[in-house]
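Engineer: File run.txt follows (compact mmCIF, C-alpha atoms):
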# COMPACT_ATOMS: atom_id res chain seq x y z
CA MET A 1 -77.40 50.08 0.28
CA SER A 2 -74.65 47.80 -1.02
CA GLN A 3 -71.31 46.88 0.54
CA CYS A 4 -67.95 48.31 -0.42
CA GLN A 5 -65.98 45.77 -2.47
CA GLN A 6 -62.82 46.75 -0.61
CA CYS A 7 -63.63 47.03 3.09
CA GLY A 8 -67.16 45.64 3.30
CA GLU A 9 -68.61 48.83 4.78
CA PRO A 10 -72.02 50.10 3.61
CA ALA A 11 -71.61 52.12 0.42
CA GLN A 12 -73.83 53.85 -2.09
CA THR A 13 -71.52 52.84 -4.94
CA THR A 14 -69.14 49.94 -5.59
CA LEU A 15 -66.62 51.52 -3.21
CA CYS A 16 -67.21 53.51 -0.05
CA LYS A 17 -65.99 57.11 0.10
CA THR A 18 -62.84 56.21 2.02
CA CYS A 19 -61.76 53.45 -0.36
CA ALA A 20 -62.70 55.54 -3.40
CA LYS A 21 -60.55 58.41 -2.11
CA HIS A 22 -57.66 56.02 -1.49
CA MET A 23 -58.02 54.55 -4.98
CA ARG A 24 -57.98 57.99 -6.57
CA ARG A 25 -54.78 58.89 -4.71
CA GLN A 26 -53.20 55.69 -5.97
CA ILE A 27 -54.26 56.42 -9.55
CA THR A 28 -52.56 59.81 -9.24
CA SER A 29 -49.48 58.07 -7.90
CA LEU A 30 -49.54 55.64 -10.82
CA ALA A 31 -49.76 58.55 -13.27
CA LYS A 32 -46.65 60.09 -11.69
CA THR A 33 -44.81 56.76 -11.71
CA ILE A 34 -45.39 55.71 -15.33
CA PRO A 35 -43.07 58.39 -16.83
CA GLU A 36 -40.38 57.34 -14.35
CA LEU A 37 -40.75 53.73 -15.49
CA ARG A 38 -40.40 54.88 -19.09
CA ALA A 39 -37.21 56.74 -18.19
CA LEU A 40 -35.84 53.57 -16.59
CA ALA A 41 -36.82 51.58 -19.68
CA ASP A 42 -35.03 54.09 -21.94
CA ARG A 43 -32.00 54.02 -19.62
CA LYS A 44 -32.38 57.73 -18.92
CA ALA A 45 -32.65 56.97 -15.21
CA HIS A 46 -31.29 54.24 -12.96
CA ILE A 47 -31.81 52.70 -9.52
CA GLY A 48 -28.93 53.02 -7.05
CA GLU A 49 -25.36 53.90 -7.94
CA ARG A 50 -23.99 53.44 -11.42
CA GLY A 51 -21.47 50.69 -11.87
CA GLY A 52 -18.40 51.09 -14.04
CA GLY A 53 -18.56 49.85 -17.60
CA VAL A 54 -16.67 46.79 -18.75
CA ARG A 55 -13.70 47.77 -20.91
CA GLY A 56 -13.91 46.16 -24.31
CA GLY A 57 -17.40 44.80 -23.61
CA GLU A 58 -20.31 44.81 -26.02
CA PRO A 59 -22.69 47.77 -25.75
CA GLY A 60 -25.99 46.95 -24.04
CA LEU A 61 -29.44 47.21 -25.53
CA PRO A 62 -30.75 50.76 -25.97
CA VAL A 63 -33.70 49.90 -23.71
CA SER A 64 -34.14 47.84 -20.57
CA VAL A 65 -36.48 44.98 -21.42
CA HIS A 66 -37.27 44.46 -17.74
CA TRP A 67 -38.35 48.05 -17.09
CA LEU A 68 -40.10 48.27 -20.44
CA THR A 69 -42.29 45.34 -19.38
CA VAL A 70 -43.12 46.99 -16.06
CA TYR A 71 -43.87 50.28 -17.84
CA GLU A 72 -46.24 48.57 -20.26
CA GLU A 73 -48.05 46.74 -17.45
CA ALA A 74 -48.55 50.00 -15.54
CA ALA A 75 -49.70 51.86 -18.66
CA ARG A 76 -52.14 49.09 -19.58
CA LEU A 77 -53.59 49.24 -16.09
CA MET A 78 -54.31 52.93 -16.65
CA LEU A 79 -55.99 52.06 -19.95
CA ARG A 80 -58.02 49.42 -18.14
CA LEU A 81 -59.18 52.01 -15.62
CA ALA A 82 -60.29 54.27 -18.46
CA GLY A 83 -62.11 51.26 -19.88
CA CYS A 84 -64.63 51.71 -17.07
CA VAL A 85 -65.70 54.87 -18.91
CA ASP A 86 -65.47 53.55 -22.46
CA LEU A 87 -64.18 50.16 -23.59
CA LYS A 88 -62.36 51.73 -26.54
CA TRP A 89 -59.60 52.91 -24.19
CA MET A 90 -58.58 49.32 -23.54
CA LEU A 91 -57.76 48.92 -27.23
CA LEU A 92 -55.31 51.81 -27.40
CA PRO A 93 -51.52 51.30 -27.42
CA VAL A 94 -49.74 51.90 -24.12
CA GLU A 95 -48.64 55.37 -25.24
CA GLY A 96 -52.24 56.49 -24.79
CA TRP A 97 -52.07 56.22 -21.01
CA ARG A 98 -51.91 60.01 -20.47
CA SER A 99 -55.17 60.59 -22.30
CA ALA A 100 -56.66 57.64 -20.42
CA TYR A 101 -55.64 59.23 -17.12
CA ARG A 102 -57.37 62.48 -18.05
CA VAL A 103 -60.52 60.51 -18.89
CA VAL A 104 -60.38 58.75 -15.52
CA CYS A 105 -60.13 62.12 -13.74
CA ARG A 106 -62.95 63.68 -15.75
CA SER A 107 -65.30 60.71 -15.36
CA TRP A 108 -64.28 59.55 -11.90
CA SER A 109 -67.84 58.76 -10.83
CA ARG A 110 -68.18 56.21 -13.63
CA VAL A 111 -64.92 54.56 -12.62
CA VAL A 112 -65.81 54.27 -8.95
CA CYS A 113 -69.31 52.99 -9.78
CA SER A 114 -67.99 50.32 -12.15
CA PRO A 115 -68.72 46.71 -11.12
CA SER A 116 -64.99 46.00 -11.46
CA ALA A 117 -63.87 48.90 -9.25
CA GLY A 118 -62.93 46.61 -6.36
CA GLU A 119 -60.85 44.33 -8.56
CA LEU A 120 -59.12 47.29 -10.18
CA ALA A 121 -58.38 48.81 -6.78
CA ASP A 122 -56.67 45.54 -5.80
CA ARG A 123 -54.66 45.47 -9.03
CA LEU A 124 -53.67 49.09 -8.58
CA ASP A 125 -52.48 48.47 -5.03
CA ARG A 126 -50.49 45.41 -6.07
CA MET A 127 -48.89 47.22 -8.99
CA LEU A 128 -47.74 50.19 -6.93
CA ARG A 129 -46.29 48.04 -4.18
CA ARG A 130 -44.57 45.82 -6.73
CA ILE A 131 -42.99 48.89 -8.32
CA ASP A 132 -41.97 50.09 -4.87
CA ARG A 133 -40.20 46.78 -4.18
CA LEU A 134 -38.44 46.86 -7.56
CA CYS A 135 -37.19 50.39 -6.92
CA ILE A 136 -35.41 49.57 -3.64
CA PRO A 137 -31.70 49.67 -4.51
CA SER A 138 -29.28 47.14 -3.08
CA ASP A 139 -26.29 48.59 -1.25
CA GLY A 140 -24.08 45.54 -1.71
CA ARG A 141 -24.26 44.31 1.89
CA VAL A 142 -25.44 40.77 2.61
CA THR A 143 -26.68 38.94 5.69
CA VAL A 144 -26.19 35.19 6.04
CA VAL A 145 -29.30 33.33 7.21
CA GLN A 146 -30.41 29.71 7.24
CA CYS A 147 -33.37 28.19 5.47
CA PRO A 148 -35.76 27.02 8.22
CA ASP A 149 -36.63 23.89 6.21
CA CYS A 150 -33.27 22.52 5.05
CA SER A 151 -30.78 24.69 7.03
CA THR A 152 -29.00 25.80 3.86
CA SER A 153 -26.98 28.98 4.41
CA LEU A 154 -28.13 31.86 2.23
CA ALA A 155 -26.46 35.22 1.57
CA VAL A 156 -29.31 37.74 1.49
CA PRO A 157 -28.61 41.13 -0.15
CA GLN A 158 -29.65 44.21 1.78
CA GLY A 159 -33.23 45.19 0.94
CA MET A 160 -34.22 41.78 -0.48
CA ARG A 161 -37.46 40.80 1.24
CA ASP A 162 -38.43 37.43 -0.14
CA GLY A 163 -37.13 34.66 -2.37
CA TRP A 164 -36.71 30.94 -2.86
CA CYS A 165 -34.28 28.54 -1.21
CA PRO A 166 -32.07 27.19 -4.04
CA GLU A 167 -31.69 23.88 -2.23
CA CYS A 168 -35.22 22.85 -1.24
CA GLY A 169 -37.26 25.33 -3.29
CA GLU A 170 -39.14 26.69 -0.27
CA ARG A 171 -40.41 30.27 -0.54
CA LEU A 172 -38.81 32.35 2.22
CA ASP A 173 -39.68 35.55 4.03
CA LEU A 174 -36.13 36.86 3.96
CA ASP A 175 -37.12 40.07 5.71
CA MET A 176 -38.19 38.06 8.75
CA LEU A 177 -35.11 35.84 8.68
CA VAL A 178 -32.70 38.74 8.39
CA ALA A 179 -34.36 40.59 11.24
CA GLY A 180 -34.04 37.52 13.41
CA ARG A 181 -37.75 37.38 13.98
CA LEU A 182 -38.38 33.80 12.90
CA GLY A 183 -38.97 32.62 16.45
CA GLU A 184 -41.36 35.51 17.03
CA ALA A 185 -43.59 34.79 14.05
CA GLY A 186 -46.42 33.72 16.32
CA GLN A 187 -46.53 37.22 17.85
CA ALA A 188 -45.81 39.19 14.68
CA VAL A 189 -48.70 41.45 13.67
CA MET A 190 -49.31 43.90 10.86
CA THR A 191 -51.82 46.69 10.45
CA CYS A 192 -53.33 46.79 6.98
CA SER A 193 -56.43 46.26 4.86
CA PRO A 194 -57.73 42.81 3.84
CA ALA A 195 -56.32 43.44 0.35
CA GLU A 196 -52.85 44.10 1.78
CA ALA A 197 -53.12 41.01 3.99
CA ALA A 198 -53.96 38.95 0.89
CA ASP A 199 -50.98 40.47 -0.89
CA TRP A 200 -48.70 39.59 2.03
CA LEU A 201 -49.89 35.98 1.97
CA THR A 202 -49.38 35.80 -1.79
CA ASP A 203 -46.03 37.58 -2.08
CA ARG A 204 -44.37 36.90 1.25
CA ALA A 205 -45.81 33.58 2.43
CA GLY A 206 -46.16 32.03 -1.03
CA LEU A 207 -49.87 31.30 -0.51
CA ARG A 208 -52.00 32.71 -3.31
CA THR A 209 -54.85 34.58 -1.63
CA THR A 210 -57.46 37.12 -2.67
CA ARG A 211 -58.91 40.06 -0.77
CA LYS A 212 -62.32 38.38 -0.83
CA GLN A 213 -60.94 35.34 0.98
CA VAL A 214 -59.51 37.45 3.81
CA SER A 215 -62.75 39.43 4.07
CA ASN A 216 -64.72 36.18 4.29
CA TRP A 217 -62.46 34.93 7.09
CA LEU A 218 -63.14 38.12 9.02
CA THR A 219 -66.89 37.87 8.45
CA ARG A 220 -66.99 34.24 9.56
CA GLY A 221 -64.82 34.82 12.61
CA ARG A 222 -61.99 32.59 11.44
CA LEU A 223 -59.41 35.24 12.32
CA SER A 224 -60.02 35.38 16.05
CA LYS A 225 -56.85 37.38 16.75
CA ALA A 226 -57.64 40.07 14.17
CA ARG A 227 -58.54 43.43 15.69
CA ARG A 228 -60.31 46.20 13.84
CA ILE A 229 -58.39 49.48 13.93
CA GLY A 230 -60.54 51.67 11.69
CA ARG A 231 -62.59 51.66 8.53
CA GLY A 232 -61.14 48.95 6.34
CA VAL A 233 -58.02 48.64 8.52
CA TRP A 234 -57.25 45.66 10.76
CA GLU A 235 -54.45 44.36 12.91
CA PHE A 236 -53.68 40.83 11.71
CA ASN A 237 -51.62 38.13 13.35
CA GLN A 238 -49.33 36.84 10.60
CA ALA A 239 -49.16 33.28 11.90
CA GLU A 240 -52.96 33.13 12.12
CA LEU A 241 -53.26 34.34 8.52
CA VAL A 242 -50.93 31.59 7.32
CA ASP A 243 -52.65 28.91 9.41
CA THR A 244 -56.10 29.95 8.18
CA ARG A 245 -54.98 29.89 4.55
CA LEU A 246 -53.36 26.48 4.95
CA ALA A 247 -56.47 25.16 6.68
CA GLN A 248 -58.60 26.37 3.77
CA GLU A 249 -56.32 24.57 1.34
CA GLY A 250 -56.75 21.41 3.38
CA GLU A 251 -60.53 21.77 3.29
CA SER A 252 -60.58 22.12 -0.49
CA ALA A 253 -58.17 19.23 -1.06
Could you rewrite the structure in this file as structure tokens?
Structural biologist:
Amino acid sequence: MSQCQQCGEPAQTTLCKTCAKHMRRQITSLAKTIPELRALADRKAHIGERGGGVRGGEPGLPVSVHWLTVYEEAARLMLRLAGCVDLKWMLLPVEGWRSAYRVVCRSWSRVVCSPSAGELADRLDRMLRRIDRLCIPSDGRVTVVQCPDCSTSLAVPQGMRDGWCPECGERLDLDMLVAGRLGEAGQAVMTCSPAEAADWLTDRAGLRTTRKQVSNWLTRGRLSKARRIGRGVWEFNQAELVDTRLAQEGESA
């Protein structure tokens, strides 16, 4: 019996039943989200409140290039999933994503048994959470915080979770700064899967990390403060995750 590429539990296929079920739910969520992204790209929908037009200004483009790019990335991911069934789906234009989704549903066993199922599950999770972050509207309020490295004052819009200090270039966890939890980082914990922990390190701490790296740390006992909550779910200490990743960088240097 092999190990699940996501959680490391014994599995008869590439993914265990729990991770496969979670992946299928996320594929369904992606299928529901892609049309919404297309509507945003075509300017038939918007995030937040509409602002007033500029009198005498030039008309904007008929499509949003930003949302069109996100739409195409999401649609191509669906085509890539269908590529587990037949490689020809990966060659289709993005408009073929609906047919690709139907193929994924009909031939789900071939998708979940694919050698790349674990990688695709990671990509799917990252894509959905990226879309979720992009769809959080700003309400116009700001909170002034200080960069912990250079003490530059920064006006952080409501809902903005991470960014870069314009003065020193340091990547900042704005969510933590705004909440006033910087001094409590050593006690901050989060309950998630190894893939989500890797995503947090990559997106929030600015340390590019893969799910496999986090899983290896758990296997080798390098995350002594991590506590297993359930199948594929752990309670991680954020400071320990950062320290372990930095230590690994030092070892490879």
Engineer: Please measure the separation of atom CA of A:Asn216 and atom CA of A:Leu201, giving the value in Å to one decimal.
Structural biologist: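 Interatomic distance, atom CA of A:Asn216 to atom CA of A:Leu201: 15.0 Å.
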Engineer: Go through A:Arg222, A:Arg123, A:Arg24, A:Lys32 and flag the residue nearest A:Leu77, using only C-alpha atoms for the distances.
Structural biologist: A:Arg123
Engineer: In terms of the shortest atom-to-atom distance over all atoms listed in the file, which of A:Met190, A:Cys4, A:Leu128, A:Glu235 is closest to A:Thr28?
Structural biologist: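 Result for the nearest residue to A:Thr28: A:Leu128.
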Engineer: From the options A:Leu246, A:His46, A:Arg110, A:Thr33, which residue's atoms come nearest to A:Glu73, counting all atoms listed in the file?
Structural biologist: A:Thr33
Engineer: Just the number, please: distance in Å from atom CA of A:Leu92 to atom CA of A:Ala117, one decimal.
Structural biologist: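 Pair atom CA of A:Leu92 / atom CA of A:Ala117 returns 20.3 Å.
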Engineer: With distances taken over all atoms listed in the file, which residue among A:Met127, A:Leu30, A:Cys150, A:Cys7 lies nearest A:Val214?
Structural biologist: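 Among A:Met127, A:Leu30, A:Cys150, A:Cys7, it is A:Cys7 that comes nearest to A:Val214.
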Engineer: Which residues, written as a PyMOL selection string, have at least one atom at most 9 Å from A:Gln12, with only C-alpha atoms counted and residues fewer than 5 positions away on the same chain left out?
Structural biologist: chain A and resi 1-4+17+113
Engineer: Hey, what's within 8 Å of A:Asp199 if we count all atoms listed in the file and toss same-chain stuff fewer than 5 positions away? As a VMD selection string, please?
Structural biologist: chain A and resid 126 204 209 to 211
Engineer: Go ahead and write the selection's residues with C-alpha atoms as a tab-separated table (two decimals), in the coordinates of the input.
Structural biologist:
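The result, stored in again-v4.tsv:
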chain	number	residue	atom	x	y	z
A	126	ARG	CA	-50.49	45.41	-6.07
A	204	ARG	CA	-44.37	36.90	1.25
A	209	THR	CA	-54.85	34.58	-1.63
A	210	THR	CA	-57.46	37.12	-2.67
A	211	ARG	CA	-58.91	40.06	-0.77
Engineer: Measuring atom to atom with only C-alpha atoms, identify which of A:Ala39, A:Met23, A:Leu177, A:Ala197 is nearest to A:Cys105.
Structural biologist: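 Checking each of A:Ala39, A:Met23, A:Leu177, A:Ala197 against A:Cys105, counting only C-alpha atoms, the winner is A:Met23.
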